[in-house]
>>> print(open('structure-v6.cif').read())   # mmCIF, C-alpha atoms
data_protein
#
loop_
_atom_site.group_PDB
_atom_site.id
_atom_site.type_symbol
_atom_site.label_atom_id
_atom_site.label_comp_id
_atom_site.auth_asym_id
_atom_site.auth_seq_id
_atom_site.Cartn_x
_atom_site.Cartn_y
_atom_site.Cartn_z
ATOM 1 C CA MET A 1 210.174 36.025 109.392
ATOM 2 C CA ILE A 2 210.864 39.363 111.063
ATOM 3 C CA GLU A 3 210.785 41.106 107.662
ATOM 4 C CA ILE A 4 207.330 39.674 106.949
ATOM 5 C CA ILE A 5 206.038 40.862 110.344
ATOM 6 C CA SER A 6 207.454 44.343 109.869
ATOM 7 C CA LEU A 7 206.002 44.506 106.331
ATOM 8 C CA ILE A 8 202.557 43.531 107.618
ATOM 9 C CA VAL A 9 202.796 46.058 110.474
ATOM 10 C CA GLY A 10 203.955 48.808 108.111
ATOM 11 C CA GLY A 11 201.167 48.037 105.641
ATOM 12 C CA PHE A 12 198.545 48.215 108.365
ATOM 13 C CA MET A 13 200.055 51.500 109.619
ATOM 14 C CA ILE A 14 199.664 53.030 106.146
ATOM 15 C CA LEU A 15 196.120 51.645 105.932
ATOM 16 C CA PHE A 16 195.102 53.080 109.316
ATOM 17 C CA GLY A 17 196.742 56.409 108.447
ATOM 18 C CA ILE A 18 194.677 56.681 105.258
ATOM 19 C CA LEU A 19 191.529 55.607 107.132
ATOM 20 C CA ALA A 20 192.169 58.257 109.807
ATOM 21 C CA VAL A 21 192.399 60.966 107.161
ATOM 22 C CA GLU A 22 189.411 59.730 105.160
ATOM 23 C CA SER A 23 186.957 58.851 107.955
ATOM 24 C CA LYS A 24 183.830 61.007 108.174
ATOM 25 C CA LYS A 25 183.379 61.025 111.963
ATOM 26 C CA LEU A 26 186.103 62.660 114.046
ATOM 27 C CA ILE A 27 185.943 60.093 116.830
ATOM 28 C CA THR A 28 186.637 57.269 114.335
ATOM 29 C CA ALA A 29 189.665 59.185 113.073
ATOM 30 C CA VAL A 30 190.986 59.426 116.648
ATOM 31 C CA ILE A 31 190.571 55.673 117.141
ATOM 32 C CA TYR A 32 192.363 54.926 113.843
ATOM 33 C CA MET A 33 195.231 57.207 114.892
ATOM 34 C CA SER A 34 195.455 55.380 118.204
ATOM 35 C CA LEU A 35 195.629 52.053 116.326
ATOM 36 C CA MET A 36 198.419 53.459 114.148
ATOM 37 C CA SER A 37 200.398 54.457 117.273
ATOM 38 C CA LEU A 38 199.849 50.990 118.705
ATOM 39 C CA LEU A 39 201.272 49.374 115.560
ATOM 40 C CA SER A 40 204.224 51.763 115.588
ATOM 41 C CA VAL A 41 204.989 50.448 119.104
ATOM 42 C CA VAL A 42 205.353 46.965 117.544
ATOM 43 C CA SER A 43 207.624 48.294 114.836
ATOM 44 C CA PHE A 44 209.773 50.140 117.415
ATOM 45 C CA ILE A 45 210.204 46.870 119.313
ATOM 46 C CA ILE A 46 211.189 45.103 116.060
ATOM 47 C CA MET A 47 213.801 47.848 115.541
ATOM 48 C CA LYS A 48 215.101 47.140 119.090
ATOM 49 C CA ALA A 49 214.222 50.501 120.660
ATOM 50 C CA PRO A 50 212.217 49.514 123.776
ATOM 51 C CA ASP A 51 212.667 52.942 125.395
ATOM 52 C CA VAL A 52 210.979 54.672 122.470
ATOM 53 C CA ALA A 53 208.333 51.938 122.365
ATOM 54 C CA ILE A 54 207.331 52.522 126.003
ATOM 55 C CA THR A 55 207.162 56.281 125.485
ATOM 56 C CA GLU A 56 205.093 55.852 122.314
ATOM 57 C CA ALA A 57 202.738 53.400 124.040
ATOM 58 C CA VAL A 58 202.128 55.737 126.976
ATOM 59 C CA ILE A 59 201.977 59.077 125.173
ATOM 60 C CA GLY A 60 201.043 58.239 121.571
ATOM 61 C CA SER A 61 198.290 55.722 122.108
ATOM 62 C CA GLY A 62 197.374 56.581 125.706
ATOM 63 C CA LEU A 63 197.426 60.240 126.697
ATOM 64 C CA VAL A 64 196.989 61.791 123.236
ATOM 65 C CA THR A 65 193.954 59.602 122.451
ATOM 66 C CA PHE A 66 192.437 60.471 125.822
ATOM 67 C CA LEU A 67 193.013 64.184 125.254
ATOM 68 C CA PHE A 68 191.487 64.103 121.762
ATOM 69 C CA ILE A 69 188.418 62.194 122.983
ATOM 70 C CA ILE A 70 187.949 64.551 125.947
ATOM 71 C CA THR A 71 188.216 67.549 123.623
ATOM 72 C CA LEU A 72 185.716 65.995 121.186
ATOM 73 C CA LEU A 73 183.275 65.371 124.040
ATOM 74 C CA GLN A 74 183.611 69.016 125.131
ATOM 75 C CA VAL A 75 183.088 70.508 121.662
ATOM 76 C CA LYS A 76 179.505 71.437 120.768
ATOM 77 C CA LYS A 77 178.045 72.150 117.356
ATOM 78 C CA ALA A 78 176.852 75.697 116.741
ATOM 79 C CA GLY A 79 173.197 75.928 117.679
ATOM 80 C CA ASP A 80 173.240 72.957 120.028
ATOM 81 C CA GLU A 81 171.103 73.200 123.136
ATOM 82 C CA LYS A 82 172.954 72.972 126.412
ATOM 83 C CA MET B 1 191.018 66.229 91.825
ATOM 84 C CA LYS B 2 192.435 67.147 95.219
ATOM 85 C CA LYS B 3 192.923 63.475 96.107
ATOM 86 C CA ILE B 4 194.717 62.720 92.832
ATOM 87 C CA MET B 5 197.056 65.659 93.468
ATOM 88 C CA ALA B 6 197.748 64.372 97.009
ATOM 89 C CA ILE B 7 198.492 60.858 95.747
ATOM 90 C CA LEU B 8 200.815 62.216 93.013
ATOM 91 C CA LEU B 9 202.657 64.388 95.564
ATOM 92 C CA THR B 10 203.080 61.425 97.950
ATOM 93 C CA VAL B 11 204.384 59.172 95.182
ATOM 94 C CA ALA B 12 206.836 61.853 94.031
ATOM 95 C CA VAL B 13 208.213 62.397 97.556
ATOM 96 C CA ALA B 14 208.463 58.632 98.126
ATOM 97 C CA PHE B 15 210.313 58.208 94.804
ATOM 98 C CA PHE B 16 212.917 60.847 95.694
ATOM 99 C CA VAL B 17 213.444 59.486 99.213
ATOM 100 C CA PHE B 18 213.750 55.829 98.258
ATOM 101 C CA SER B 19 215.753 56.352 95.091
ATOM 102 C CA ASN B 20 218.360 58.162 97.196
ATOM 103 C CA LEU B 21 218.311 55.541 99.957
ATOM 104 C CA TYR B 22 219.061 52.684 97.540
ATOM 105 C CA ASN B 23 221.178 54.571 95.004
ATOM 106 C CA THR B 24 224.355 52.482 94.580
ATOM 107 C CA ASP B 25 226.093 55.125 92.446
ATOM 108 C CA SER B 26 226.241 57.804 95.137
ATOM 109 C CA ASP B 27 229.247 58.090 97.454
ATOM 110 C CA LYS B 28 227.031 58.184 100.576
ATOM 111 C CA MET B 29 226.398 55.186 102.787
ATOM 112 C CA LEU B 30 223.553 52.911 101.671
ATOM 113 C CA PHE B 31 220.497 52.377 103.852
ATOM 114 C CA GLY B 32 221.167 49.467 106.221
ATOM 115 C CA ASP B 33 224.916 49.381 105.557
ATOM 116 C CA ASN B 34 225.872 51.209 108.753
ATOM 117 C CA ASN B 35 228.184 49.163 110.979
ATOM 118 C CA PRO B 36 227.345 49.882 114.641
ATOM 119 C CA GLU B 37 230.787 48.774 115.821
ATOM 120 C CA GLU B 38 232.375 51.701 114.001
ATOM 121 C CA ALA B 39 229.884 54.244 115.312
ATOM 122 C CA VAL B 40 230.417 56.527 118.292
ATOM 123 C CA SER B 41 227.759 54.687 120.310
ATOM 124 C CA GLN B 42 230.046 51.641 120.550
ATOM 125 C CA GLN B 43 232.541 53.752 122.540
ATOM 126 C CA TYR B 44 229.849 54.567 125.101
ATOM 127 C CA VAL B 45 228.950 50.867 125.361
ATOM 128 C CA ASN B 46 232.621 49.941 125.823
ATOM 129 C CA LYS B 47 233.089 52.460 128.614
ATOM 130 C CA SER B 48 230.307 50.724 130.567
ATOM 131 C CA VAL B 49 231.331 47.074 130.088
ATOM 132 C CA ASP B 50 235.104 47.263 129.613
ATOM 133 C CA PRO B 51 236.742 44.774 132.056
ATOM 134 C CA GLU B 52 240.071 46.681 131.859
ATOM 135 C CA ARG B 53 238.637 49.753 133.519
ATOM 136 C CA ALA B 54 238.720 50.030 137.301
ATOM 137 C CA ARG B 55 235.025 50.946 137.342
ATOM 138 C CA PRO B 56 232.404 51.619 134.653
ATOM 139 C CA GLU B 57 232.073 55.239 133.647
ATOM 140 C CA THR B 58 228.361 55.576 134.389
ATOM 141 C CA GLY B 59 227.473 52.293 136.104
ATOM 142 C CA SER B 60 224.042 52.260 134.509
ATOM 143 C CA ALA B 61 222.877 48.999 132.911
ATOM 144 C CA ASN B 62 220.737 50.877 130.372
ATOM 145 C CA ILE B 63 222.999 52.760 127.957
ATOM 146 C CA VAL B 64 220.185 55.062 126.843
ATOM 147 C CA THR B 65 219.662 56.182 130.441
ATOM 148 C CA SER B 66 223.379 56.764 130.905
ATOM 149 C CA VAL B 67 223.292 59.127 127.920
ATOM 150 C CA VAL B 68 220.018 60.830 128.861
ATOM 151 C CA VAL B 69 220.637 61.391 132.577
ATOM 152 C CA ASN B 70 224.421 61.297 132.847
ATOM 153 C CA TYR B 71 226.232 62.574 129.751
ATOM 154 C CA ARG B 72 223.391 64.789 128.558
ATOM 155 C CA SER B 73 221.485 65.528 131.777
ATOM 156 C CA PHE B 74 221.505 69.245 130.992
ATOM 157 C CA ASP B 75 219.308 68.443 127.958
ATOM 158 C CA THR B 76 216.893 66.593 130.249
ATOM 159 C CA LEU B 77 216.737 69.694 132.449
ATOM 160 C CA GLY B 78 215.806 71.664 129.329
ATOM 161 C CA GLU B 79 213.068 69.167 128.422
ATOM 162 C CA ILE B 80 211.602 69.466 131.919
ATOM 163 C CA THR B 81 211.647 73.236 131.513
ATOM 164 C CA VAL B 82 209.761 72.928 128.193
ATOM 165 C CA LEU B 83 207.085 70.808 129.897
ATOM 166 C CA PHE B 84 206.900 73.326 132.754
ATOM 167 C CA VAL B 85 206.394 76.212 130.329
ATOM 168 C CA SER B 86 203.601 74.334 128.522
ATOM 169 C CA ALA B 87 201.896 73.568 131.857
ATOM 170 C CA LEU B 88 202.182 77.262 132.712
ATOM 171 C CA GLY B 89 200.591 78.151 129.371
ATOM 172 C CA VAL B 90 197.635 75.823 129.954
ATOM 173 C CA ALA B 91 197.143 77.213 133.467
ATOM 174 C CA LEU B 92 197.299 80.805 132.189
ATOM 175 C CA LEU B 93 194.812 80.042 129.403
ATOM 176 C CA GLY B 94 192.462 78.498 131.968
ATOM 177 C CA GLY B 95 192.789 81.571 134.150
ATOM 178 C CA VAL B 96 192.135 84.007 131.315
ATOM 179 C CA LEU B 97 188.829 82.351 130.322
ATOM 180 C CA ARG B 98 185.962 84.428 131.646
ATOM 181 C CA LYS B 99 183.394 81.642 131.628
ATOM 182 C CA LYS B 100 184.201 78.617 133.723
ATOM 183 C CA VAL B 101 184.514 75.525 131.529
ATOM 184 C CA THR B 102 183.476 72.354 133.291
ATOM 185 C CA PHE B 103 183.603 68.830 132.004
ATOM 186 C CA GLN B 104 180.032 67.795 131.282
ATOM 187 C CA TYR B 105 180.137 64.050 131.394
ATOM 188 C CA LYS B 106 178.595 61.733 133.945
ATOM 189 C CA PRO B 107 180.828 58.754 134.803
ATOM 190 C CA GLY B 108 179.078 55.412 134.549
ATOM 191 C CA PHE B 109 179.069 52.518 136.975
ATOM 192 C CA ILE B 110 181.600 50.435 134.997
ATOM 193 C CA LEU B 111 184.071 53.341 134.827
ATOM 194 C CA ASN B 112 183.701 53.991 138.556
ATOM 195 C CA GLN B 113 184.280 50.388 139.575
ATOM 196 C CA GLY B 114 186.928 49.621 136.939
ATOM 197 C CA MET B 115 188.928 52.676 137.967
ATOM 198 C CA THR B 116 189.356 51.394 141.521
ATOM 199 C CA ILE B 117 191.112 48.317 140.138
ATOM 200 C CA ILE B 118 193.020 49.753 137.175
ATOM 201 C CA ALA B 119 194.253 53.128 138.476
ATOM 202 C CA GLY B 120 196.329 51.576 141.252
ATOM 203 C CA ILE B 121 197.984 49.127 138.855
ATOM 204 C CA VAL B 122 198.792 51.892 136.359
ATOM 205 C CA LEU B 123 200.167 54.092 139.165
ATOM 206 C CA ILE B 124 202.428 51.333 140.510
ATOM 207 C CA THR B 125 203.650 50.448 136.991
ATOM 208 C CA GLY B 126 204.571 54.093 136.423
ATOM 209 C CA ILE B 127 206.503 54.265 139.693
ATOM 210 C CA TYR B 128 208.251 50.962 138.861
ATOM 211 C CA ILE B 129 209.269 52.277 135.440
ATOM 212 C CA PHE B 130 210.970 55.403 136.758
ATOM 213 C CA VAL B 131 212.558 53.753 139.785
ATOM 214 C CA HIS B 132 214.100 51.091 137.502
ATOM 215 C CA GLY B 133 214.955 53.638 134.797
ATOM 216 C CA HIS B 134 218.690 52.887 134.966
ATOM 217 C CA LEU B 135 218.196 49.095 134.711
ATOM 218 C CA SER B 136 215.351 48.477 132.272
ATOM 219 C CA PRO B 137 213.794 50.381 129.354
ATOM 220 C CA GLY B 138 211.740 53.397 130.281
ATOM 221 C CA GLY B 139 212.546 56.212 132.625
ATOM 222 C CA GLY B 140 211.277 59.432 134.079
ATOM 223 C CA PHE B 141 209.222 60.711 131.158
ATOM 224 C CA PRO B 142 207.197 57.539 130.332
ATOM 225 C CA GLY B 143 206.784 56.762 134.040
ATOM 226 C CA GLY B 144 205.577 60.272 134.747
ATOM 227 C CA ALA B 145 203.168 60.163 131.806
ATOM 228 C CA MET B 146 201.836 56.832 133.112
ATOM 229 C CA ILE B 147 201.192 58.432 136.521
ATOM 230 C CA GLY B 148 199.450 61.259 134.686
ATOM 231 C CA SER B 149 197.168 58.811 132.862
ATOM 232 C CA ALA B 150 196.306 57.109 136.182
ATOM 233 C CA PHE B 151 195.243 60.501 137.549
ATOM 234 C CA LEU B 152 193.307 61.099 134.314
ATOM 235 C CA LEU B 153 191.276 57.971 135.094
ATOM 236 C CA MET B 154 190.626 59.310 138.592
ATOM 237 C CA TYR B 155 189.517 62.689 137.196
ATOM 238 C CA LEU B 156 187.182 60.921 134.744
ATOM 239 C CA SER B 157 185.541 58.709 137.335
ATOM 240 C CA ASP B 158 185.137 61.238 140.146
ATOM 241 C CA GLU B 159 184.031 64.802 139.516
ATOM 242 C CA THR B 160 184.970 66.034 142.967
ATOM 243 C CA PHE B 161 188.471 64.524 142.813
ATOM 244 C CA ARG B 162 190.013 67.662 141.363
ATOM 245 C CA ALA B 163 189.099 69.687 144.444
ATOM 246 C CA LYS B 164 190.597 67.112 146.803
ATOM 247 C CA ILE B 165 194.123 67.176 145.370
ATOM 248 C CA THR B 166 196.140 70.318 145.973
ATOM 249 C CA GLY B 167 199.654 68.989 146.516
ATOM 250 C CA PHE B 168 200.744 68.683 142.876
ATOM 251 C CA LYS B 169 202.261 72.150 142.678
ATOM 252 C CA ILE B 170 204.238 71.640 145.879
ATOM 253 C CA LEU B 171 205.517 68.227 144.692
ATOM 254 C CA GLU B 172 206.429 69.606 141.280
ATOM 255 C CA GLY B 173 208.262 72.616 142.693
ATOM 256 C CA THR B 174 210.151 70.506 145.249
ATOM 257 C CA ALA B 175 211.249 67.957 142.638
ATOM 258 C CA GLY B 176 212.390 70.672 140.232
ATOM 259 C CA SER B 177 214.355 72.494 142.936
ATOM 260 C CA LEU B 178 215.989 69.262 144.111
ATOM 261 C CA ILE B 179 217.224 68.543 140.551
ATOM 262 C CA LEU B 180 218.868 71.976 140.466
ATOM 263 C CA ILE B 181 220.326 71.509 143.970
ATOM 264 C CA ILE B 182 221.848 68.136 142.939
ATOM 265 C CA GLY B 183 223.306 69.849 139.885
ATOM 266 C CA LEU B 184 224.821 72.601 142.015
ATOM 267 C CA VAL B 185 226.291 70.050 144.461
ATOM 268 C CA GLY B 186 227.927 68.372 141.463
ATOM 269 C CA LEU B 187 229.223 71.760 140.324
ATOM 270 C CA SER B 188 230.839 72.409 143.687
ATOM 271 C CA THR B 189 232.339 68.916 144.169
ATOM 272 C CA GLY B 190 233.261 67.796 140.643
ATOM 273 C CA GLY B 191 233.521 71.001 138.679
ATOM 274 C CA TYR B 192 230.619 70.306 136.296
ATOM 275 C CA PHE B 193 226.915 71.025 136.568
ATOM 276 C CA LEU B 194 225.069 67.727 137.334
ATOM 277 C CA TYR B 195 228.380 65.930 137.911
ATOM 278 C CA ASN B 196 227.956 62.309 139.082
ATOM 279 C CA PHE B 197 229.427 62.693 142.569
ATOM 280 C CA LEU B 198 228.019 59.511 144.169
ATOM 281 C CA PRO B 199 229.831 56.124 143.901
ATOM 282 C CA ASN B 200 228.751 53.960 140.966
ATOM 283 C CA GLY B 201 228.338 50.650 142.783
ATOM 284 C CA THR B 202 227.743 47.339 141.021
ATOM 285 C CA VAL B 203 226.182 47.442 137.557
ATOM 286 C CA GLY B 204 222.681 45.959 137.734
ATOM 287 C CA ASP B 205 221.919 46.733 141.371
ATOM 288 C CA LEU B 206 218.902 48.869 142.203
ATOM 289 C CA ILE B 207 221.104 51.359 144.059
ATOM 290 C CA SER B 208 223.870 51.943 141.554
ATOM 291 C CA ALA B 209 224.995 54.449 138.928
ATOM 292 C CA GLY B 210 225.397 57.342 141.371
ATOM 293 C CA ILE B 211 222.935 60.189 140.914
ATOM 294 C CA VAL B 212 221.148 58.620 137.891
ATOM 295 C CA PRO B 213 218.324 56.859 139.834
ATOM 296 C CA VAL B 214 217.914 59.870 142.142
ATOM 297 C CA LEU B 215 217.567 62.214 139.177
ATOM 298 C CA TYR B 216 215.199 59.864 137.353
ATOM 299 C CA VAL B 217 212.900 59.532 140.388
ATOM 300 C CA LEU B 218 212.801 63.326 140.673
ATOM 301 C CA VAL B 219 212.157 63.709 136.917
ATOM 302 C CA GLY B 220 209.385 61.106 137.103
ATOM 303 C CA LEU B 221 207.703 62.830 140.061
ATOM 304 C CA LYS B 222 207.962 66.225 138.373
ATOM 305 C CA VAL B 223 206.614 65.006 135.013
ATOM 306 C CA GLY B 224 203.820 63.026 136.701
ATOM 307 C CA SER B 225 202.622 65.931 138.817
ATOM 308 C CA GLU B 226 202.985 68.312 135.868
ATOM 309 C CA VAL B 227 200.909 66.148 133.490
ATOM 310 C CA SER B 228 198.273 65.621 136.197
ATOM 311 C CA ASN B 229 198.178 69.379 136.750
ATOM 312 C CA ILE B 230 197.708 70.055 133.017
ATOM 313 C CA LEU B 231 194.860 67.511 132.856
ATOM 314 C CA GLY B 232 193.280 68.986 135.979
ATOM 315 C CA ASN B 233 193.345 72.428 134.363
ATOM 316 C CA PHE B 234 191.669 70.940 131.284
ATOM 317 C CA PHE B 235 188.869 69.540 133.392
ATOM 318 C CA SER B 236 188.121 72.495 135.607
ATOM 319 C CA GLY B 237 189.221 75.305 133.309
ATOM 320 C CA GLU B 238 190.289 77.583 136.152
ATOM 321 C CA VAL B 239 193.327 77.925 138.375
ATOM 322 C CA GLU B 240 193.328 78.252 142.104
ATOM 323 C CA GLN B 241 195.083 81.327 143.385
#
>>> encode(input="structure-v6.cif", output="structure tokens")
Amino acid sequence: MIEIISLIVGGFMILFGILAVESKKLITAVIYMSLMSLLSVVSFIIMKAPDVAITEAVIGSGLVTFLFIITLLQVKKAGDEK
Amino acid sequence: MKKIMAILLTVAVAFFVFSNLYNTDSDKMLFGDNNPEEAVSQQYVNKSVDPERARPETGSANIVTSVVVNYRSFDTLGEITVLFVSALGVALLGGVLRKKVTFQYKPGFILNQGMTIIAGIVLITGIYIFVHGHLSPGGGFPGGAMIGSAFLLMYLSDETFRAKITGFKILEGTAGSLILIIGLVGLSTGGYFLYNFLPNGTVGDLISAGIVPVLYVLVGLKVGSEVSNILGNFFSGEVEQ
């Protein structure tokens, strides 16, 4: 049972990783990366490392996603009006 | 063409990694064959739960914490220093910028009202995680980052919030100095820097494991104020003198 769950989680992580690389819009890539971090939290819990899971949940899918989105909102295209 | 090359490279790397992990002919240990009872970590577990000993060596219910803040607390001091240097870099970069960069985003009604409910819960969860760092999973770094994300919500929902808070640098400096002072007290009483000079108490109590909870609270406060400071510099793009 636990092998099946970890296989499904790992498969989705690979899928979201590929989607994050291949997506056209940057904000979609950030969301896919956040989803990948969220699934890695599940796989850390399956591997019985709750300390790492908490850190990954807070930093990987929380703060880093926030920082990327804030940076993307700040960035302007060349020639954009203020 | 580029994509085919990338796929071929990935498959080649995966083949070399996995063929070595499951190679039965090699004299190295197979993947998944490691016996934890023979590893060094079992000795650390035994030192904490051995009934023959007069008292546990660290007294911390979470073995990871006992390694991070007791056996290897000097490493934790180094990690805090790394975070401090990165915060300093962000602040310097914000100070160097000639033009003031401000965050151009108007917070909506839902963000404003939702923040008043959520930020307090996130803040209290962060404090809980670093106060209970020696009992349950978590500790100073995740707890501090959680506090930082609560302050990020406050920065997002209120543009004038950044100007109201000025105590982060004082809190951060005090927490960092107190960690060093505790280390020096350990050096003078026990002979080692960051020596555990307080009594261990009962394993599982909130006040147990000597200096471990004290250090983790200080680490959590320092990391929380540091992360909030970095985010504040991102939003305003300038440093106060």
>>> closest_residue(input="structure-v6.cif", among="A:Ile4, A:Glu56, A:Ile45, A:Ser61", to="A:Tyr32", atoms="all atoms listed in the file")
A:Ser61
>>> atom_distance(input="structure-v6.cif", atom1="atom CA of B:Glu37", atom2="atom CA of B:Asp50")
14.5 Å
>>> atom_distance(input="structure-v6.cif", atom1="atom CA of B:Gly204", atom2="atom CA of A:Thr55")
22.3 Å
>>> interface_residues(input="structure-v6.cif", of="chain A", to="chain B", cutoff="10 Å", atoms="all atoms listed in the file", output="PDB file with C-alpha atoms, in the frame of the given file")
ATOM      1  CA  ALA A  49     214.222  50.501 120.660  1.00  0.00           C
ATOM      2  CA  PRO A  50     212.217  49.514 123.776  1.00  0.00           C
ATOM      3  CA  ASP A  51     212.667  52.942 125.395  1.00  0.00           C
ATOM      4  CA  VAL A  52     210.979  54.672 122.470  1.00  0.00           C
ATOM      5  CA  ALA A  53     208.333  51.938 122.365  1.00  0.00           C
ATOM      6  CA  ILE A  54     207.331  52.522 126.003  1.00  0.00           C
ATOM      7  CA  THR A  55     207.162  56.281 125.485  1.00  0.00           C
ATOM      8  CA  GLU A  56     205.093  55.852 122.314  1.00  0.00           C
ATOM      9  CA  ALA A  57     202.738  53.400 124.040  1.00  0.00           C
ATOM     10  CA  VAL A  58     202.128  55.737 126.976  1.00  0.00           C
ATOM     11  CA  ILE A  59     201.977  59.077 125.173  1.00  0.00           C
ATOM     12  CA  GLY A  62     197.374  56.581 125.706  1.00  0.00           C
ATOM     13  CA  LEU A  63     197.426  60.240 126.697  1.00  0.00           C
ATOM     14  CA  PHE A  66     192.437  60.471 125.822  1.00  0.00           C
ATOM     15  CA  LEU A  67     193.013  64.184 125.254  1.00  0.00           C
ATOM     16  CA  ILE A  70     187.949  64.551 125.947  1.00  0.00           C
ATOM     17  CA  THR A  71     188.216  67.549 123.623  1.00  0.00           C
ATOM     18  CA  LEU A  73     183.275  65.371 124.040  1.00  0.00           C
ATOM     19  CA  GLN A  74     183.611  69.016 125.131  1.00  0.00           C
TER      20      GLN A  74
END
>>> residues_around(input="structure-v6.cif", residues="stretch 171-183 of chain B", least_positions_apart="4", cutoff="8 Å", atoms="all atoms listed in the file", output="MDAnalysis selection string")
chainID B and resid 167 187 193:195 215 218:219 221:223 225:226
>>> resolve_selection(input="structure-v6.cif", expression="the PyMOL selection byres ((chain B and resi 107) around 8)", output="ChimeraX atom specification")
/B:105-106,108-109,111-112,156-158
>>> closest_residue(input="structure-v6.cif", among="A:Leu39, A:Ile27, A:Leu72, A:Met33", to="A:Gly10", atoms="all atoms listed in the file")
A:Leu39
>>> resolve_selection(input="structure-v6.cif", expression="the PyMOL selection byres ((chain B and resi 61) around 8)", output="PDB file with C-alpha atoms, in the coordinates of the input")
ATOM      1  CA  SER B  48     230.307  50.724 130.567  1.00  0.00           C
ATOM      2  CA  GLY B  59     227.473  52.293 136.104  1.00  0.00           C
ATOM      3  CA  SER B  60     224.042  52.260 134.509  1.00  0.00           C
ATOM      4  CA  ASN B  62     220.737  50.877 130.372  1.00  0.00           C
ATOM      5  CA  ILE B  63     222.999  52.760 127.957  1.00  0.00           C
ATOM      6  CA  HIS B 134     218.690  52.887 134.966  1.00  0.00           C
ATOM      7  CA  LEU B 135     218.196  49.095 134.711  1.00  0.00           C
ATOM      8  CA  SER B 136     215.351  48.477 132.272  1.00  0.00           C
ATOM      9  CA  VAL B 203     226.182  47.442 137.557  1.00  0.00           C
ATOM     10  CA  GLY B 204     222.681  45.959 137.734  1.00  0.00           C
TER      11      GLY B 204
END
>>> atom_distance(input="structure-v6.cif", atom1="atom CA of B:Val82", atom2="atom CA of B:Asn70")
19.3 Å
